[in-house]
Every structure is written in C-alpha cells, then in structure tokens.
file data.cif (mmCIF, C-alpha atoms)
data_my_file
loop_
_atom_site.label_atom_id
_atom_site.label_comp_id
_atom_site.auth_asym_id
_atom_site.auth_seq_id
_atom_site.Cartn_x
_atom_site.Cartn_y
_atom_site.Cartn_z
CA MET A 30 -52.51 7.06 -54.22
CA ASP A 31 -53.90 5.11 -51.30
CA SER A 32 -50.45 4.69 -49.77
CA ASN A 33 -49.74 8.41 -50.14
CA ASP A 34 -53.02 9.23 -48.44
CA GLN A 35 -52.14 6.92 -45.55
CA ILE A 36 -48.71 8.55 -45.14
CA THR A 37 -50.33 12.00 -45.16
CA LYS A 38 -52.83 10.94 -42.53
CA LYS A 39 -50.05 9.52 -40.32
CA ARG A 40 -48.10 12.77 -40.55
CA LYS A 41 -51.18 14.74 -39.58
CA ARG A 42 -51.72 12.45 -36.59
CA LEU A 43 -48.13 12.96 -35.49
CA ARG A 44 -48.55 16.72 -35.71
CA ILE A 45 -51.79 16.58 -33.73
CA ARG A 46 -50.17 14.31 -31.14
CA TRP A 47 -47.31 16.80 -30.72
CA ARG A 48 -49.66 19.72 -30.32
CA THR A 49 -51.89 18.05 -27.78
CA GLN A 50 -49.46 15.97 -25.70
CA ASP A 51 -46.00 17.54 -25.91
CA THR A 52 -46.66 21.27 -25.64
CA GLU A 53 -47.16 21.21 -21.87
CA LEU A 54 -44.06 19.05 -21.39
CA THR A 55 -42.07 21.45 -23.57
CA LEU A 56 -43.21 24.41 -21.47
CA LEU A 57 -42.26 22.54 -18.30
CA ALA A 58 -38.82 21.82 -19.71
CA LEU A 59 -38.31 25.37 -20.98
CA PRO A 60 -37.05 26.90 -17.67
CA THR A 61 -34.50 24.13 -17.27
CA THR A 62 -33.41 24.51 -20.89
CA ILE A 63 -32.96 28.27 -20.47
CA TRP A 64 -30.99 27.68 -17.26
CA TYR A 65 -28.64 25.27 -19.02
CA VAL A 66 -28.15 27.61 -21.95
CA LEU A 67 -27.36 30.60 -19.72
CA PHE A 68 -25.20 28.92 -17.10
CA CYS A 69 -23.75 25.86 -18.88
CA PHE A 70 -23.44 26.56 -22.61
CA LEU A 71 -22.82 30.32 -22.81
CA PRO A 72 -19.99 30.19 -20.22
CA MET A 73 -18.21 27.72 -22.52
CA PHE A 74 -17.14 30.81 -24.48
CA GLY A 75 -14.63 31.35 -21.69
CA ILE A 76 -12.69 28.25 -22.79
CA ILE A 77 -10.58 30.48 -25.03
CA ILE A 78 -9.06 32.02 -21.88
CA ALA A 79 -7.09 28.77 -21.51
CA PHE A 80 -5.28 29.63 -24.76
CA LYS A 81 -4.59 33.28 -23.92
CA ASN A 82 -2.43 35.29 -21.57
CA PHE A 83 -5.49 36.73 -19.87
CA ARG A 84 -4.97 40.27 -18.63
CA ILE A 85 -7.44 42.15 -16.44
CA SER A 86 -7.66 45.74 -17.64
CA GLY A 87 -11.33 46.46 -18.33
CA GLY A 88 -14.54 44.61 -19.05
CA PHE A 89 -14.57 40.85 -19.47
CA LEU A 90 -15.16 40.82 -23.23
CA SER A 91 -12.51 43.46 -23.87
CA ASN A 92 -10.06 41.54 -21.67
CA VAL A 93 -10.67 38.36 -23.65
CA TYR A 94 -10.34 40.18 -26.98
CA ASN A 95 -7.21 42.14 -26.10
CA SER A 96 -5.33 39.34 -24.33
CA PRO A 97 -2.68 37.80 -26.62
CA TRP A 98 -2.85 34.22 -27.82
CA ILE A 99 -0.18 31.95 -26.32
CA GLY A 100 -1.27 28.55 -27.59
CA PHE A 101 -0.79 25.67 -25.18
CA LYS A 102 1.62 27.41 -22.80
CA ASN A 103 -1.00 27.56 -20.05
CA PHE A 104 -1.21 23.77 -20.16
CA GLU A 105 2.51 23.25 -19.69
CA PHE A 106 2.53 24.06 -15.98
CA LEU A 107 -0.05 21.36 -15.31
CA PHE A 108 2.17 18.63 -16.70
CA LYS A 109 5.67 20.07 -16.20
CA SER A 110 5.18 21.21 -12.62
CA ASN A 111 7.16 19.38 -9.96
CA ASP A 112 3.92 18.77 -8.10
CA ALA A 113 1.97 17.50 -11.13
CA TRP A 114 2.38 13.85 -10.17
CA ILE A 115 1.25 14.48 -6.59
CA ILE A 116 -1.81 16.45 -7.71
CA ILE A 117 -2.92 13.90 -10.33
CA ARG A 118 -2.18 10.98 -7.99
CA ASN A 119 -4.29 12.48 -5.22
CA THR A 120 -7.17 13.35 -7.55
CA ILE A 121 -7.42 9.95 -9.22
CA GLY A 122 -6.44 7.89 -6.16
CA TYR A 123 -9.02 9.40 -3.84
CA ASN A 124 -11.73 9.21 -6.50
CA ILE A 125 -11.12 5.52 -7.12
CA VAL A 126 -11.63 4.85 -3.42
CA PHE A 127 -14.66 7.15 -3.33
CA ILE A 128 -16.25 5.40 -6.34
CA VAL A 129 -15.82 1.92 -4.85
CA LEU A 130 -17.02 2.86 -1.38
CA GLY A 131 -19.70 5.15 -2.84
CA ILE A 132 -21.32 2.15 -4.51
CA VAL A 133 -20.66 -0.73 -2.11
CA LEU A 134 -21.67 0.96 1.15
CA PRO A 135 -24.86 2.74 -0.02
CA VAL A 136 -26.07 -0.46 -1.71
CA ALA A 137 -25.36 -2.49 1.42
CA PHE A 138 -27.11 -0.02 3.74
CA ALA A 139 -30.05 0.37 1.35
CA ILE A 140 -30.55 -3.41 1.32
CA MET A 141 -30.33 -3.60 5.11
CA ILE A 142 -32.82 -0.77 5.63
CA GLY A 143 -35.10 -2.27 2.99
CA LEU A 144 -35.23 -5.48 5.03
CA LEU A 145 -36.51 -3.68 8.13
CA HIS A 146 -40.11 -4.49 8.99
CA SER A 147 -40.66 -1.31 11.02
CA ARG A 148 -41.38 1.67 8.79
CA LYS A 149 -40.78 4.06 11.67
CA ALA A 150 -37.30 2.68 12.32
CA SER A 151 -36.55 2.76 8.59
CA LYS A 152 -37.48 6.45 8.34
CA VAL A 153 -35.44 7.31 11.43
CA TYR A 154 -32.34 5.59 10.04
CA GLN A 155 -32.81 7.22 6.64
CA THR A 156 -33.10 10.67 8.20
CA MET A 157 -30.05 10.18 10.41
CA MET A 158 -27.92 8.97 7.50
CA PHE A 159 -29.19 11.62 5.06
CA LEU A 160 -28.70 14.58 7.39
CA PRO A 161 -24.89 14.93 6.91
CA TYR A 162 -25.42 15.47 3.18
CA PHE A 163 -26.96 18.89 3.90
CA LEU A 164 -24.08 20.08 6.09
CA SER A 165 -21.62 22.52 4.58
CA TRP A 166 -17.95 21.60 4.56
CA VAL A 167 -17.35 24.82 6.48
CA VAL A 168 -19.47 23.42 9.31
CA VAL A 169 -17.70 20.06 9.07
CA SER A 170 -14.37 21.88 9.17
CA ALA A 171 -15.36 23.67 12.38
CA VAL A 172 -16.47 20.39 13.96
CA GLY A 173 -13.24 18.75 12.83
CA TRP A 174 -11.24 21.57 14.41
CA ALA A 175 -13.09 20.98 17.68
CA PHE A 176 -11.89 17.37 17.60
CA LEU A 177 -8.39 17.82 16.15
CA SER A 178 -7.20 21.12 17.62
CA PHE A 179 -3.80 20.74 19.25
CA ASP A 180 -4.61 22.79 22.35
CA LYS A 181 -8.28 22.12 23.05
CA GLY A 182 -9.22 19.32 20.68
CA ILE A 183 -11.33 16.50 22.10
CA LEU A 184 -9.01 13.79 20.77
CA ASN A 185 -5.91 15.35 22.32
CA GLN A 186 -7.67 15.82 25.63
CA MET A 187 -8.57 12.14 25.59
CA LEU A 188 -4.97 11.20 24.77
CA VAL A 189 -3.61 13.38 27.59
CA SER A 190 -6.13 11.97 30.06
CA MET A 191 -4.91 8.47 29.18
CA GLY A 192 -1.29 9.48 29.73
CA GLY A 193 -0.34 10.03 26.09
CA ASP A 194 1.12 13.01 24.28
CA PRO A 195 -1.03 15.39 22.22
CA ILE A 196 -0.74 15.15 18.45
CA ASN A 197 -0.69 18.12 16.11
CA TRP A 198 -3.11 16.51 13.67
CA TYR A 199 -2.84 19.26 11.07
CA MET A 200 0.91 18.66 10.85
CA GLU A 201 0.75 14.88 10.48
CA PRO A 202 -0.11 13.90 6.88
CA GLN A 203 -0.14 10.12 7.51
CA TYR A 204 -3.54 10.31 9.22
CA TRP A 205 -5.37 12.47 6.70
CA PRO A 206 -6.06 10.02 3.86
CA TYR A 207 -8.17 8.05 6.36
CA PHE A 208 -9.84 11.22 7.68
CA LEU A 209 -10.72 12.44 4.18
CA ILE A 210 -12.08 9.08 3.05
CA LEU A 211 -14.10 8.71 6.26
CA LEU A 212 -15.61 12.20 5.95
CA ASN A 213 -16.48 11.72 2.29
CA VAL A 214 -18.24 8.43 2.99
CA TRP A 215 -19.99 9.87 6.05
CA LYS A 216 -21.32 12.86 4.11
CA GLY A 217 -22.37 11.09 0.91
CA LEU A 218 -23.59 7.75 2.26
CA GLY A 219 -27.16 8.89 2.91
CA TYR A 220 -27.62 10.44 -0.53
CA GLY A 221 -26.50 7.32 -2.38
CA MET A 222 -28.48 5.08 -0.05
CA VAL A 223 -31.73 6.96 -0.75
CA ILE A 224 -31.28 6.49 -4.50
CA TYR A 225 -30.80 2.73 -4.18
CA LEU A 226 -33.51 2.41 -1.54
CA ALA A 227 -36.02 4.09 -3.86
CA THR A 228 -35.22 1.45 -6.48
CA ILE A 229 -35.57 -1.36 -3.94
CA THR A 230 -38.99 -0.15 -2.78
CA SER A 231 -40.21 -0.10 -6.39
CA ILE A 232 -39.45 -3.81 -6.91
CA ASP A 233 -42.60 -5.90 -7.23
CA ASN A 234 -43.23 -7.87 -4.01
CA THR A 235 -44.46 -10.86 -5.98
CA TYR A 236 -40.85 -11.74 -6.78
CA TYR A 237 -40.02 -12.03 -3.09
CA GLU A 238 -43.26 -13.90 -2.33
CA ALA A 239 -42.46 -16.47 -5.00
CA ALA A 240 -38.91 -16.77 -3.66
CA VAL A 241 -40.20 -17.37 -0.11
CA ILE A 242 -42.56 -20.08 -1.37
CA ASP A 243 -39.59 -21.75 -3.09
CA GLY A 244 -37.66 -21.64 0.20
CA ALA A 245 -35.15 -18.93 -0.70
CA SER A 246 -33.28 -17.35 2.20
CA ILE A 247 -32.82 -13.58 2.65
CA GLY A 248 -29.30 -13.86 1.23
CA GLN A 249 -30.58 -15.68 -1.84
CA GLN A 250 -33.37 -13.14 -2.32
CA THR A 251 -30.81 -10.35 -2.17
CA ARG A 252 -28.48 -12.10 -4.59
CA TYR A 253 -30.98 -13.23 -7.20
CA ILE A 254 -33.68 -10.53 -6.96
CA THR A 255 -32.53 -7.30 -5.30
CA LEU A 256 -29.04 -6.96 -6.82
CA PRO A 257 -30.13 -7.79 -10.40
CA MET A 258 -32.92 -5.23 -10.08
CA LEU A 259 -30.38 -2.66 -8.84
CA LYS A 260 -27.92 -3.36 -11.63
CA LEU A 261 -29.09 -0.60 -13.98
CA VAL A 262 -28.99 2.05 -11.27
CA ILE A 263 -25.59 0.86 -10.03
CA VAL A 264 -24.15 0.99 -13.54
CA MET A 265 -25.60 4.46 -14.14
CA MET A 266 -24.18 5.80 -10.88
CA PHE A 267 -20.82 4.17 -11.67
CA ILE A 268 -20.60 5.79 -15.11
CA LEU A 269 -21.52 9.22 -13.72
CA ALA A 270 -18.96 8.83 -10.93
CA VAL A 271 -16.23 7.83 -13.40
CA GLY A 272 -17.02 10.98 -15.37
CA ARG A 273 -15.99 13.05 -12.35
CA ILE A 274 -12.83 11.12 -11.58
CA PHE A 275 -10.74 14.22 -12.34
CA TYR A 276 -12.87 16.39 -10.04
CA THR A 277 -12.80 16.49 -6.27
CA ASP A 278 -14.88 18.15 -3.57
CA PHE A 279 -13.08 21.43 -3.01
CA GLY A 280 -14.57 21.93 0.44
CA LEU A 281 -13.35 18.53 1.63
CA PHE A 282 -9.76 18.98 0.51
CA TYR A 283 -9.38 22.69 1.23
CA GLN A 284 -11.75 23.65 4.04
CA VAL A 285 -11.46 20.54 6.19
CA THR A 286 -7.66 20.47 6.02
CA ARG A 287 -7.61 24.25 6.65
CA ASP A 288 -5.14 24.62 3.77
CA SER A 289 -2.28 23.32 5.90
CA ASN A 290 1.02 23.34 4.01
CA SER A 291 2.11 20.25 5.94
CA LEU A 292 -0.73 18.31 4.31
CA PHE A 293 0.12 19.36 0.75
CA ASN A 294 1.15 15.88 -0.41
CA VAL A 295 -2.11 14.25 0.73
CA SER A 296 -4.69 17.00 0.24
CA THR A 297 -3.79 18.93 -2.91
CA THR A 298 -5.97 17.98 -5.88
CA ILE A 299 -6.64 19.62 -9.24
CA ASP A 300 -9.53 21.68 -7.85
CA VAL A 301 -7.43 22.97 -4.96
CA MET A 302 -4.61 23.80 -7.34
CA VAL A 303 -7.01 25.69 -9.66
CA TYR A 304 -8.25 27.77 -6.73
CA LYS A 305 -4.71 28.62 -5.68
CA GLN A 306 -3.86 29.59 -9.23
CA LEU A 307 -6.84 31.93 -9.29
CA LYS A 308 -5.66 33.51 -6.04
CA SER A 309 -2.33 34.27 -7.70
CA ALA A 310 -4.17 35.88 -10.67
CA THR A 311 -3.01 33.28 -13.24
CA VAL A 312 -6.48 32.95 -14.71
CA GLY A 313 -5.26 31.35 -17.92
CA MET A 314 -3.54 28.49 -16.10
CA ALA A 315 -6.60 27.85 -13.94
CA SER A 316 -8.80 27.83 -17.04
CA ALA A 317 -6.43 25.39 -18.73
CA ALA A 318 -6.64 23.00 -15.78
CA ALA A 319 -10.43 23.22 -15.72
CA PHE A 320 -10.54 22.62 -19.49
CA VAL A 321 -8.41 19.48 -19.11
CA GLN A 322 -10.73 18.27 -16.35
CA SER A 323 -13.79 18.73 -18.56
CA VAL A 324 -12.29 17.00 -21.61
CA LEU A 325 -10.93 14.06 -19.63
CA GLY A 326 -14.19 13.75 -17.68
CA CYS A 327 -16.20 13.55 -20.91
CA ALA A 328 -13.74 11.01 -22.31
CA MET A 329 -14.00 8.87 -19.17
CA ILE A 330 -17.81 8.80 -19.40
CA LEU A 331 -17.65 7.67 -23.02
CA ILE A 332 -15.01 5.03 -22.24
CA ALA A 333 -16.87 3.70 -19.22
CA ASN A 334 -20.13 3.55 -21.16
CA TRP A 335 -18.35 1.78 -24.05
CA ILE A 336 -16.92 -0.82 -21.67
CA VAL A 337 -20.34 -1.38 -20.10
CA ARG A 338 -21.93 -1.73 -23.54
CA ARG A 339 -19.37 -4.37 -24.50
CA ILE A 340 -20.05 -6.34 -21.31
CA ASP A 341 -23.81 -5.82 -21.01
CA PRO A 342 -25.47 -3.78 -23.79
CA ASP A 343 -28.74 -3.49 -21.88
CA SER A 344 -27.03 -1.66 -18.99
CA ALA A 345 -25.32 1.03 -21.09
CA MET A 346 -26.59 4.60 -20.85
CA MET A 347 -26.41 5.34 -24.57
#
call {"tool": "encode", "arguments": {"input": "data.cif", "output": "structure tokens"}}
result
Amino acid sequence: MDSNDQITKKRKRLRIRWRTQDTELTLLALPTTIWYVLFCFLPMFGIIIAFKNFRISGGFLSNVYNSPWIGFKNFEFLFKSNDAWIIIRNTIGYNIVFIVLGIVLPVAFAIMIGLLHSRKASKVYQTMMFLPYFLSWVVVSAVGWAFLSFDKGILNQMLVSMGGDPINWYMEPQYWPYFLILLNVWKGLGYGMVIYLATITSIDNTYYEAAVIDGASIGQQTRYITLPMLKLVIVMMFILAVGRIFYTDFGLFYQVTRDSNSLFNVSTTIDVMVYKQLKSATVGMASAAAFVQSVLGCAMILIANWIVRRIDPDSAMM
C-alpha cells in the first residue's frame, strides 16, 4: 500500500509540474506547430500527384481526384532521360564541394575572428562577411552581368585595355564551375561563420587560461580546445548539409547563369530541371522529381547519422 501511495504521489507531482512549467512553453510552441502542420504536413497530400497524370481542368482537389493513376511512369523520365547523368552529377558534385568548403572555411574564419583582441574589428569583419547572405540571387545576377557582360562587362573592358580579346562568359562553360563555387562560398560563408563563432564565444575561458599557463601555443589551443568544443556543431551542420545533397540553390544555378543553354552541362541541377518541367506543364514529372529528392534526402540524413553514431555515439543527432 505504501508503494502504491508513493507512485500515486509521483504521478500527481508530474501532472502538477506539467501544468505549472510546460503550459507556457506549449503555448509558445503552438504557432510554430500550426505553421508546420499547415505548410509542411498538409502539402504532403500532393505527393500523389507524382503517381498521376495530373490534368488541370478545375479546382485543385477535383484535378487530383479526376487525374488517372499512371504508377511510376512519371519517375521514368528522371532516370531514362539522356540528361539524367548530367543533372545528377551536377547536383551531387557541386553539393560535395559546397559541404566541404561550407565547413572548412567558416570554421577557419570563425577561429581567426575569435582570436582577435579588438571587439570593434571583430564586429566589422562579421558584418562585412554576413552581409552577402541577405542579398537576393537576382541582385547577385545583376552584379554578375555587370562584370561578365560581353559588350560592357568590367572584366572584358579590362581584358581589352590590356590588349586581349573579350570573352563571351555566358557561352564558355569551362569557367562556370569556379564561378558557381565562388559565389556559393561568398554568399554562405558569413552565415556559417556566425554559427561557429557563437559556439567559440561560449567556451569557458578557463580552458584557455590553463593552456596558457601550461605553455600551449595558439595552434595547440585551437587543436586541443577549440576544435573539440566545435565538434558537435560541426557534426550537426554536416549531417544537415548531407540531407540536402540532392537539393541545390535554384537562384544560383538559374538566375546567376541567366538560363544560358550553352551552360546546360555545368549548371543544370534537379531543382532547375523541376522548374523547367513545371514551365512545360508536366506537373506530375516535376512532383516525381521532388518526391525523389525528399526520400533520398531523408535517407542520406539517416545514413550520415548512423555513420556518425558508429564512429562517435556522443556526436550523433539521434
């Protein structure tokens, strides 16, 4: 009887604790939960369009209901197309480079800025590096056109002034992998750096003070204190980035290249292909490609997290 009374009292305490401590947090989380339900979970109903020959004849629900089922035929074009290899190669290849540079460079710059003694200089550098993140790719495309235009571009004017011949940059695909990688790093470097810098600033200074007393150099402090403290954040960012390895920034690959047909082999990714399919009214095929992206992205997150758990269980996300 005594044990039952103790269990009853514990349950009552848990209920009281929920009522007093968690109600406010639940109310705070409610708007976000509603947003996710409305804009993330309900739209998943549209997945069935990938398995139908979607026809536009009335309202959305009636179109979905009246469109005939065609099984996996919408998926065939993605894998049987002559350009399938180019599209998948570009999507995965660019993302591998983006993942590596998106971790190495922000970590390096965050460490360097964290070592600055002047707070004013640190804030100035952070602001300058973070500013490109807020620029639209449409704006970047216009700036790129000002540099790369054949007739009045700054680069061609410099080449002509030095006695060279102008280059039609939007017709020369060999240069664009470097341009795209450079622009992606330039635009996302500040965002990643701020995340790692926030972690660095939260590290207890007593670790560094003890290391200085022991005679550790700045390189040794970075290697044995800063990087181990950053490991969890680095792993988390890596897993999230791997989950989007089948997605690309549409603005970067479509707007910046100005949809030049000459750059098809180096700029066409799955997202660009989905947009072009939507323009040609093949909604089912575009939905099939997006569905494959989602499934493979989820699988990549689970695989990456499983690999991390096997190597270092404490660094895994789940």
call {"tool": "closest_residue", "arguments": {"input": "data.cif", "among": "A:Leu164, A:Val126, A:Ala79, A:Leu307", "to": "Glu105 in chain A", "atoms": "all atoms listed in the file"}}
result
A:Ala79
call {"tool": "resolve_selection", "arguments": {"input": "data.cif", "expression": "the PyMOL selection byres ((chain A and resi 144-161) around 7)", "output": "ChimeraX atom specification"}}
result
/A:140-143,162-164,216,218-220
call {"tool": "atom_distance", "arguments": {"input": "data.cif", "atom1": "CA of Gln284 in chain A", "atom2": "CA of Val167 in chain A"}}
result
6.2 Å
call {"tool": "residues_around", "arguments": {"input": "data.cif", "residues": "range 71-76 of chain A", "least_positions_apart": "6", "cutoff": "12 Å", "atoms": "all atoms listed in the file", "output": "number ranges by chain"}}
result
A: 63-65, 83, 89-90, 92-94, 312-321, 323-324
call {"tool": "residues_around", "arguments": {"input": "data.cif", "residues": "Trp114 in chain A", "least_positions_apart": "6", "cutoff": "12 Å", "atoms": "all atoms listed in the file", "output": "MDAnalysis selection string"}}
result
chainID A and resid 106:108 120:122 294:295 297:299
call {"tool": "closest_residue", "arguments": {"input": "data.cif", "among": "A:Asp288, A:Asp343, A:Glu238, A:Asp300", "to": "Arg273 in chain A", "atoms": "all atoms listed in the file"}}
result
A:Asp300
call {"tool": "residues_around", "arguments": {"input": "data.cif", "residues": "range 169-179 of chain A", "least_positions_apart": "4", "cutoff": "8 Å", "atoms": "only C-alpha atoms", "output": "VMD selection string"}}
result
chain A and resid 164 to 165 183 to 185 195 to 199 284 to 287
call {"tool": "atom_distance", "arguments": {"input": "data.cif", "atom1": "CA of Phe267 in chain A", "atom2": "CA of Gly280 in chain A"}}
result
22.4 Å
call {"tool": "closest_residue", "arguments": {"input": "data.cif", "among": "A:Met346, A:Leu57, A:Ile132, A:Val189", "to": "Gly217 in chain A", "atoms": "only C-alpha atoms"}}
result
A:Ile132
call {"tool": "atom_distance", "arguments": {"input": "data.cif", "atom1": "CA of Ser296 in chain A", "atom2": "CA of Ser309 in chain A"}}
result
19.2 Å
call {"tool": "closest_residue", "arguments": {"input": "data.cif", "among": "A:Ile78, A:Met302, A:Leu188, A:Val262", "to": "Asp112 in chain A", "atoms": "all atoms listed in the file"}}
result
A:Met302
call {"tool": "residues_around", "arguments": {"input": "data.cif", "residues": "Thr230 in chain A", "least_positions_apart": "4", "cutoff": "10 Å", "atoms": "all atoms listed in the file", "output": "PDB file with C-alpha atoms, keeping the file's coordinate frame"}}
result
ATOM      1  CA  ALA A 139     -30.050   0.370   1.350  1.00  0.00           C
ATOM      2  CA  ILE A 140     -30.550  -3.410   1.320  1.00  0.00           C
ATOM      3  CA  GLY A 143     -35.100  -2.270   2.990  1.00  0.00           C
ATOM      4  CA  TYR A 225     -30.800   2.730  -4.180  1.00  0.00           C
ATOM      5  CA  LEU A 226     -33.510   2.410  -1.540  1.00  0.00           C
ATOM      6  CA  ASN A 234     -43.230  -7.870  -4.010  1.00  0.00           C
ATOM      7  CA  THR A 255     -32.530  -7.300  -5.300  1.00  0.00           C
TER       8      THR A 255
END
call {"tool": "closest_residue", "arguments": {"input": "data.cif", "among": "A:Ser246, A:Ser110, A:Thr251, A:Ser86", "to": "Ile232 in chain A", "atoms": "all atoms listed in the file"}}
result
A:Thr251
call {"tool": "closest_residue", "arguments": {"input": "data.cif", "among": "A:Asp233, A:Arg84, A:Ile116, A:Ile128", "to": "Val303 in chain A", "atoms": "only C-alpha atoms"}}
result
A:Ile116
call {"tool": "build_atoms", "arguments": {"input": "data.cif", "residues": "range 238-268 of chain A", "atoms": "N, CA and C atoms", "output": "PDB file, in the coordinates of the input"}}
result
ATOM      1  N   GLU A 238     -42.286 -12.907  -2.795  1.00  0.00           N
ATOM      2  CA  GLU A 238     -43.260 -13.900  -2.330  1.00  0.00           C
ATOM      3  C   GLU A 238     -43.021 -15.246  -3.011  1.00  0.00           C
ATOM      4  N   ALA A 239     -42.752 -15.220  -4.290  1.00  0.00           N
ATOM      5  CA  ALA A 239     -42.460 -16.470  -5.000  1.00  0.00           C
ATOM      6  C   ALA A 239     -41.172 -17.095  -4.486  1.00  0.00           C
ATOM      7  N   ALA A 240     -40.171 -16.253  -4.178  1.00  0.00           N
ATOM      8  CA  ALA A 240     -38.910 -16.770  -3.660  1.00  0.00           C
ATOM      9  C   ALA A 240     -39.097 -17.408  -2.289  1.00  0.00           C
ATOM     10  N   VAL A 241     -39.931 -16.805  -1.438  1.00  0.00           N
ATOM     11  CA  VAL A 241     -40.200 -17.370  -0.110  1.00  0.00           C
ATOM     12  C   VAL A 241     -40.909 -18.718  -0.240  1.00  0.00           C
ATOM     13  N   ILE A 242     -41.850 -18.813  -1.158  1.00  0.00           N
ATOM     14  CA  ILE A 242     -42.560 -20.080  -1.370  1.00  0.00           C
ATOM     15  C   ILE A 242     -41.586 -21.174  -1.815  1.00  0.00           C
ATOM     16  N   ASP A 243     -40.591 -20.781  -2.620  1.00  0.00           N
ATOM     17  CA  ASP A 243     -39.590 -21.750  -3.090  1.00  0.00           C
ATOM     18  C   ASP A 243     -38.532 -22.044  -2.029  1.00  0.00           C
ATOM     19  N   GLY A 244     -38.596 -21.365  -0.881  1.00  0.00           N
ATOM     20  CA  GLY A 244     -37.660 -21.640   0.200  1.00  0.00           C
ATOM     21  C   GLY A 244     -36.373 -20.846   0.137  1.00  0.00           C
ATOM     22  N   ALA A 245     -36.362 -19.742  -0.593  1.00  0.00           N
ATOM     23  CA  ALA A 245     -35.150 -18.930  -0.700  1.00  0.00           C
ATOM     24  C   ALA A 245     -34.906 -18.157   0.587  1.00  0.00           C
ATOM     25  N   SER A 246     -33.646 -18.103   1.007  1.00  0.00           N
ATOM     26  CA  SER A 246     -33.280 -17.350   2.200  1.00  0.00           C
ATOM     27  C   SER A 246     -33.170 -15.866   1.857  1.00  0.00           C
ATOM     28  N   ILE A 247     -32.962 -15.030   2.885  1.00  0.00           N
ATOM     29  CA  ILE A 247     -32.820 -13.580   2.650  1.00  0.00           C
ATOM     30  C   ILE A 247     -31.597 -13.303   1.787  1.00  0.00           C
ATOM     31  N   GLY A 248     -30.508 -14.024   2.041  1.00  0.00           N
ATOM     32  CA  GLY A 248     -29.300 -13.860   1.230  1.00  0.00           C
ATOM     33  C   GLY A 248     -29.541 -14.214  -0.222  1.00  0.00           C
ATOM     34  N   GLN A 249     -30.275 -15.286  -0.461  1.00  0.00           N
ATOM     35  CA  GLN A 249     -30.580 -15.680  -1.840  1.00  0.00           C
ATOM     36  C   GLN A 249     -31.513 -14.695  -2.507  1.00  0.00           C
ATOM     37  N   GLN A 250     -32.480 -14.156  -1.758  1.00  0.00           N
ATOM     38  CA  GLN A 250     -33.370 -13.140  -2.320  1.00  0.00           C
ATOM     39  C   GLN A 250     -32.585 -11.885  -2.718  1.00  0.00           C
ATOM     40  N   THR A 251     -31.637 -11.525  -1.865  1.00  0.00           N
ATOM     41  CA  THR A 251     -30.810 -10.350  -2.170  1.00  0.00           C
ATOM     42  C   THR A 251     -29.956 -10.594  -3.405  1.00  0.00           C
ATOM     43  N   ARG A 252     -29.400 -11.792  -3.486  1.00  0.00           N
ATOM     44  CA  ARG A 252     -28.480 -12.100  -4.590  1.00  0.00           C
ATOM     45  C   ARG A 252     -29.191 -12.245  -5.924  1.00  0.00           C
ATOM     46  N   TYR A 253     -30.336 -12.884  -5.932  1.00  0.00           N
ATOM     47  CA  TYR A 253     -30.980 -13.230  -7.200  1.00  0.00           C
ATOM     48  C   TYR A 253     -32.139 -12.315  -7.578  1.00  0.00           C
ATOM     49  N   ILE A 254     -32.576 -11.441  -6.647  1.00  0.00           N
ATOM     50  CA  ILE A 254     -33.680 -10.530  -6.960  1.00  0.00           C
ATOM     51  C   ILE A 254     -33.243  -9.071  -6.810  1.00  0.00           C
ATOM     52  N   THR A 255     -32.816  -8.712  -5.589  1.00  0.00           N
ATOM     53  CA  THR A 255     -32.530  -7.300  -5.300  1.00  0.00           C
ATOM     54  C   THR A 255     -31.361  -6.775  -6.132  1.00  0.00           C
ATOM     55  N   LEU A 256     -30.224  -7.464  -6.094  1.00  0.00           N
ATOM     56  CA  LEU A 256     -29.040  -6.960  -6.820  1.00  0.00           C
ATOM     57  C   LEU A 256     -29.263  -6.909  -8.327  1.00  0.00           C
ATOM     58  N   PRO A 257     -29.858  -7.939  -8.955  1.00  0.00           N
ATOM     59  CA  PRO A 257     -30.130  -7.790 -10.400  1.00  0.00           C
ATOM     60  C   PRO A 257     -31.053  -6.623 -10.723  1.00  0.00           C
ATOM     61  N   MET A 258     -32.037  -6.355  -9.850  1.00  0.00           N
ATOM     62  CA  MET A 258     -32.920  -5.230 -10.080  1.00  0.00           C
ATOM     63  C   MET A 258     -32.204  -3.888  -9.891  1.00  0.00           C
ATOM     64  N   LEU A 259     -31.155  -3.884  -9.080  1.00  0.00           N
ATOM     65  CA  LEU A 259     -30.380  -2.660  -8.840  1.00  0.00           C
ATOM     66  C   LEU A 259     -29.293  -2.444  -9.877  1.00  0.00           C
ATOM     67  N   LYS A 260     -29.075  -3.413 -10.733  1.00  0.00           N
ATOM     68  CA  LYS A 260     -27.920  -3.360 -11.630  1.00  0.00           C
ATOM     69  C   LYS A 260     -27.906  -2.119 -12.513  1.00  0.00           C
ATOM     70  N   LEU A 261     -29.040  -1.758 -13.088  1.00  0.00           N
ATOM     71  CA  LEU A 261     -29.090  -0.600 -13.980  1.00  0.00           C
ATOM     72  C   LEU A 261     -28.738   0.685 -13.246  1.00  0.00           C
ATOM     73  N   VAL A 262     -29.276   0.833 -12.047  1.00  0.00           N
ATOM     74  CA  VAL A 262     -28.990   2.050 -11.270  1.00  0.00           C
ATOM     75  C   VAL A 262     -27.527   2.066 -10.840  1.00  0.00           C
ATOM     76  N   ILE A 263     -26.992   0.929 -10.434  1.00  0.00           N
ATOM     77  CA  ILE A 263     -25.590   0.860 -10.030  1.00  0.00           C
ATOM     78  C   ILE A 263     -24.676   1.229 -11.187  1.00  0.00           C
ATOM     79  N   VAL A 264     -24.967   0.691 -12.369  1.00  0.00           N
ATOM     80  CA  VAL A 264     -24.150   0.990 -13.540  1.00  0.00           C
ATOM     81  C   VAL A 264     -24.233   2.468 -13.894  1.00  0.00           C
ATOM     82  N   MET A 265     -25.435   3.042 -13.836  1.00  0.00           N
ATOM     83  CA  MET A 265     -25.600   4.460 -14.140  1.00  0.00           C
ATOM     84  C   MET A 265     -24.812   5.325 -13.169  1.00  0.00           C
ATOM     85  N   MET A 266     -24.920   5.030 -11.876  1.00  0.00           N
ATOM     86  CA  MET A 266     -24.180   5.800 -10.880  1.00  0.00           C
ATOM     87  C   MET A 266     -22.674   5.624 -11.045  1.00  0.00           C
ATOM     88  N   PHE A 267     -22.250   4.424 -11.439  1.00  0.00           N
ATOM     89  CA  PHE A 267     -20.820   4.170 -11.670  1.00  0.00           C
ATOM     90  C   PHE A 267     -20.299   5.000 -12.845  1.00  0.00           C
ATOM     91  N   ILE A 268     -21.047   5.028 -13.941  1.00  0.00           N
ATOM     92  CA  ILE A 268     -20.600   5.790 -15.110  1.00  0.00           C
ATOM     93  C   ILE A 268     -20.524   7.272 -14.790  1.00  0.00           C
TER      94      ILE A 268
END
